[in-house]
Amino acid sequence: MPRSIVAPDGTDGRNWCQTRSVKLGRLSLVDIAVAIVVLVALFLPSRSLNASQVVRLDDAARRELAFAEARAAVRPDDGPAVFRMTRLFDDAKQWDWAVQVAASAAAAAPDSPTRWRTLMAVSSAHIERYEAPEALDYATQAVAACERIGGTSCPSWEQIRLELYHRHLEAGVKSGIDPRKDPIGFRRAGETALRQVRTIGTGVAPTPPAPAPQ
């Protein structure tokens, strides 16, 4: 009498073995493809990695940038140092870094008497990326901070320069011109505000037009 085979689930073992063999024999193309990919990945040689400098500057400029960045990290309340660092990042065309480090310094030193210069640095970094609304927002904050502190920390001539920069941006944003698409048109729109300031500041009435010939 042949020996009976019992499957793990208690059924006839012969039927269970036949069913398992049928299932194992029906490998799909997806299974085969996955197996090939795994084998290829295991036996491929490792890829070489090459590192290159992100900031492309000469040695002197790189040292100056490193020193400025270290100084700004230690003294985020030093507005001139943050501004200088931001300009160096701008010169290196690293505008993302310029925005991030300047904005971080402005947030880290809210009571600094030179914070207006840090806010100005953030604004200039944004305009380098053609982000006019963001640049105008930080310029507005810079003007307010400068007027609030006044004195030797933000003298009158700095206030005038900030106000002119702010009016330039404000006129450009109000024009609705996208500086990414039309940078020249945006600049010309901003210059209209500066022409108005120069006309008002002369204190001389404009010359009336000549009478039309009779």
# chains A, B, ... in the order shown; residues from 1 in each chain; ligands from 1
$ select_by_dssp --residues "stretch 143-183 of chain A" --states "helix (DSSP H, G or I)" --output "list in words"
Val143, Ala144, Ala145, Cys146, Glu147, Arg148, Ile149, Ser156, Trp157, Glu158, Gln159, Ile160, Arg161, Leu162, Glu163, Leu164, Tyr165, His166, Arg167, His168, Leu169, Glu170, Ala171, Gly172, Val173, Lys174 and Pro183 of chain A
$ residues_around --residues "A:Leu169" --least-positions-apart "2" --cutoff "8 Å" --atoms "only C-alpha atoms" --output "PyMOL selection string"
chain A and resi 132+135-136+165-167+171-173+190
$ write_last_selection --atoms "C-alpha atoms" --output "short mmCIF file (atom, residue, chain, number, x, y, z; two decimals), in the first residue's frame"
data_model
loop_
_atom_site.label_atom_id
_atom_site.label_comp_id
_atom_site.auth_asym_id
_atom_site.auth_seq_id
_atom_site.Cartn_x
_atom_site.Cartn_y
_atom_site.Cartn_z
CA ALA A 132 10.59 91.97 -7.48
CA ALA A 135 12.69 92.61 -3.04
CA LEU A 136 10.14 95.39 -2.52
CA TYR A 165 15.77 102.41 -4.20
CA HIS A 166 12.37 101.69 -2.67
CA ARG A 167 10.57 104.03 -5.08
CA ALA A 171 7.19 101.75 -9.50
CA GLY A 172 8.47 98.65 -11.26
CA VAL A 173 6.16 96.34 -9.31
CA GLY A 190 11.23 102.14 -12.05
#
$ residues_around --residues "A:Arg117" --least-positions-apart "5" --cutoff "9 Å" --atoms "only C-alpha atoms" --output "NGL selection string"
:A and (78-80 or 82-83 or 122 or 142 or 145-146 or 154)
$ write_last_selection --atoms "N, CA and C atoms" --output "PDB file, in the first residue's frame"
ATOM      1  N   ASP A  78      25.916  92.491  12.619  1.00  0.00           N
ATOM      2  CA  ASP A  78      26.800  93.391  11.880  1.00  0.00           C
ATOM      3  C   ASP A  78      26.261  93.548  10.464  1.00  0.00           C
ATOM      4  N   GLY A  79      25.400  94.534  10.276  1.00  0.00           N
ATOM      5  CA  GLY A  79      24.765  94.738   8.984  1.00  0.00           C
ATOM      6  C   GLY A  79      25.731  94.935   7.837  1.00  0.00           C
ATOM      7  N   PRO A  80      26.767  95.782   7.973  1.00  0.00           N
ATOM      8  CA  PRO A  80      27.722  95.940   6.868  1.00  0.00           C
ATOM      9  C   PRO A  80      28.415  94.637   6.481  1.00  0.00           C
ATOM     10  N   VAL A  82      27.182  91.564   6.798  1.00  0.00           N
ATOM     11  CA  VAL A  82      26.203  90.733   6.085  1.00  0.00           C
ATOM     12  C   VAL A  82      26.004  91.253   4.668  1.00  0.00           C
ATOM     13  N   PHE A  83      25.947  92.573   4.527  1.00  0.00           N
ATOM     14  CA  PHE A  83      25.769  93.157   3.201  1.00  0.00           C
ATOM     15  C   PHE A  83      26.954  92.807   2.297  1.00  0.00           C
ATOM     16  N   VAL A 122      19.097  91.513   1.745  1.00  0.00           N
ATOM     17  CA  VAL A 122      18.118  90.511   1.312  1.00  0.00           C
ATOM     18  C   VAL A 122      17.365  91.012   0.088  1.00  0.00           C
ATOM     19  N   ALA A 142      13.465  97.716   5.215  1.00  0.00           N
ATOM     20  CA  ALA A 142      14.734  98.417   5.406  1.00  0.00           C
ATOM     21  C   ALA A 142      14.513  99.907   5.621  1.00  0.00           C
ATOM     22  N   ALA A 145      13.149 100.388   9.132  1.00  0.00           N
ATOM     23  CA  ALA A 145      14.176 100.169  10.147  1.00  0.00           C
ATOM     24  C   ALA A 145      15.162 101.326  10.180  1.00  0.00           C
ATOM     25  N   CYS A 146      15.503 101.870   9.021  1.00  0.00           N
ATOM     26  CA  CYS A 146      16.432 102.992   8.953  1.00  0.00           C
ATOM     27  C   CYS A 146      15.825 104.239   9.590  1.00  0.00           C
ATOM     28  N   CYS A 154      21.972 105.154  10.868  1.00  0.00           N
ATOM     29  CA  CYS A 154      21.388 105.284   9.528  1.00  0.00           C
ATOM     30  C   CYS A 154      21.212 106.775   9.246  1.00  0.00           C
TER      31      CYS A 154
END
$ closest_residue --among "A:Ala189, A:Ala81, A:Ile149, A:Val101" --to "A:Ser175" --atoms "only C-alpha atoms"
A:Ala189
$ residues_around --residues "A:Ala109" --least-positions-apart "2" --cutoff "12 Å" --atoms "only C-alpha atoms" --output "PyMOL selection string"
chain A and resi 72-79+82+102-107+111-119
$ write_last_selection --atoms "C-alpha atoms" --output "mmCIF file, in the first residue's frame"
data_model
loop_
_atom_site.group_PDB
_atom_site.id
_atom_site.type_symbol
_atom_site.label_atom_id
_atom_site.label_comp_id
_atom_site.auth_asym_id
_atom_site.auth_seq_id
_atom_site.Cartn_x
_atom_site.Cartn_y
_atom_site.Cartn_z
ATOM 1 C CA ALA A 72 28.382 87.157 9.469
ATOM 2 C CA ALA A 73 27.799 83.810 11.190
ATOM 3 C CA VAL A 74 29.453 85.023 14.386
ATOM 4 C CA ARG A 75 28.017 88.556 14.225
ATOM 5 C CA PRO A 76 24.627 88.478 12.469
ATOM 6 C CA ASP A 77 23.983 91.916 13.998
ATOM 7 C CA ASP A 78 26.800 93.391 11.880
ATOM 8 C CA GLY A 79 24.765 94.738 8.984
ATOM 9 C CA VAL A 82 26.203 90.733 6.085
ATOM 10 C CA ALA A 102 21.065 87.382 4.558
ATOM 11 C CA ALA A 103 17.505 86.485 5.563
ATOM 12 C CA SER A 104 18.827 84.252 8.357
ATOM 13 C CA ALA A 105 20.993 87.095 9.667
ATOM 14 C CA ALA A 106 18.047 89.505 9.601
ATOM 15 C CA ALA A 107 15.927 87.066 11.606
ATOM 16 C CA ASP A 111 17.290 94.581 17.420
ATOM 17 C CA SER A 112 20.529 95.366 15.592
ATOM 18 C CA PRO A 113 21.008 99.097 14.841
ATOM 19 C CA THR A 114 22.326 98.128 11.399
ATOM 20 C CA ARG A 115 19.560 95.647 10.625
ATOM 21 C CA TRP A 116 18.328 97.962 7.891
ATOM 22 C CA ARG A 117 21.479 97.189 5.926
ATOM 23 C CA THR A 118 20.899 93.449 6.339
ATOM 24 C CA LEU A 119 17.329 93.877 5.089
#
$ atom_distance --atom1 "atom CA of A:Pro179" --atom2 "atom CA of A:Glu128"
10.1 Å
$ closest_residue --among "A:Ile36, A:Arg87, A:His126, A:Arg188" --to "A:Ala61" --atoms "only C-alpha atoms"
A:Arg87
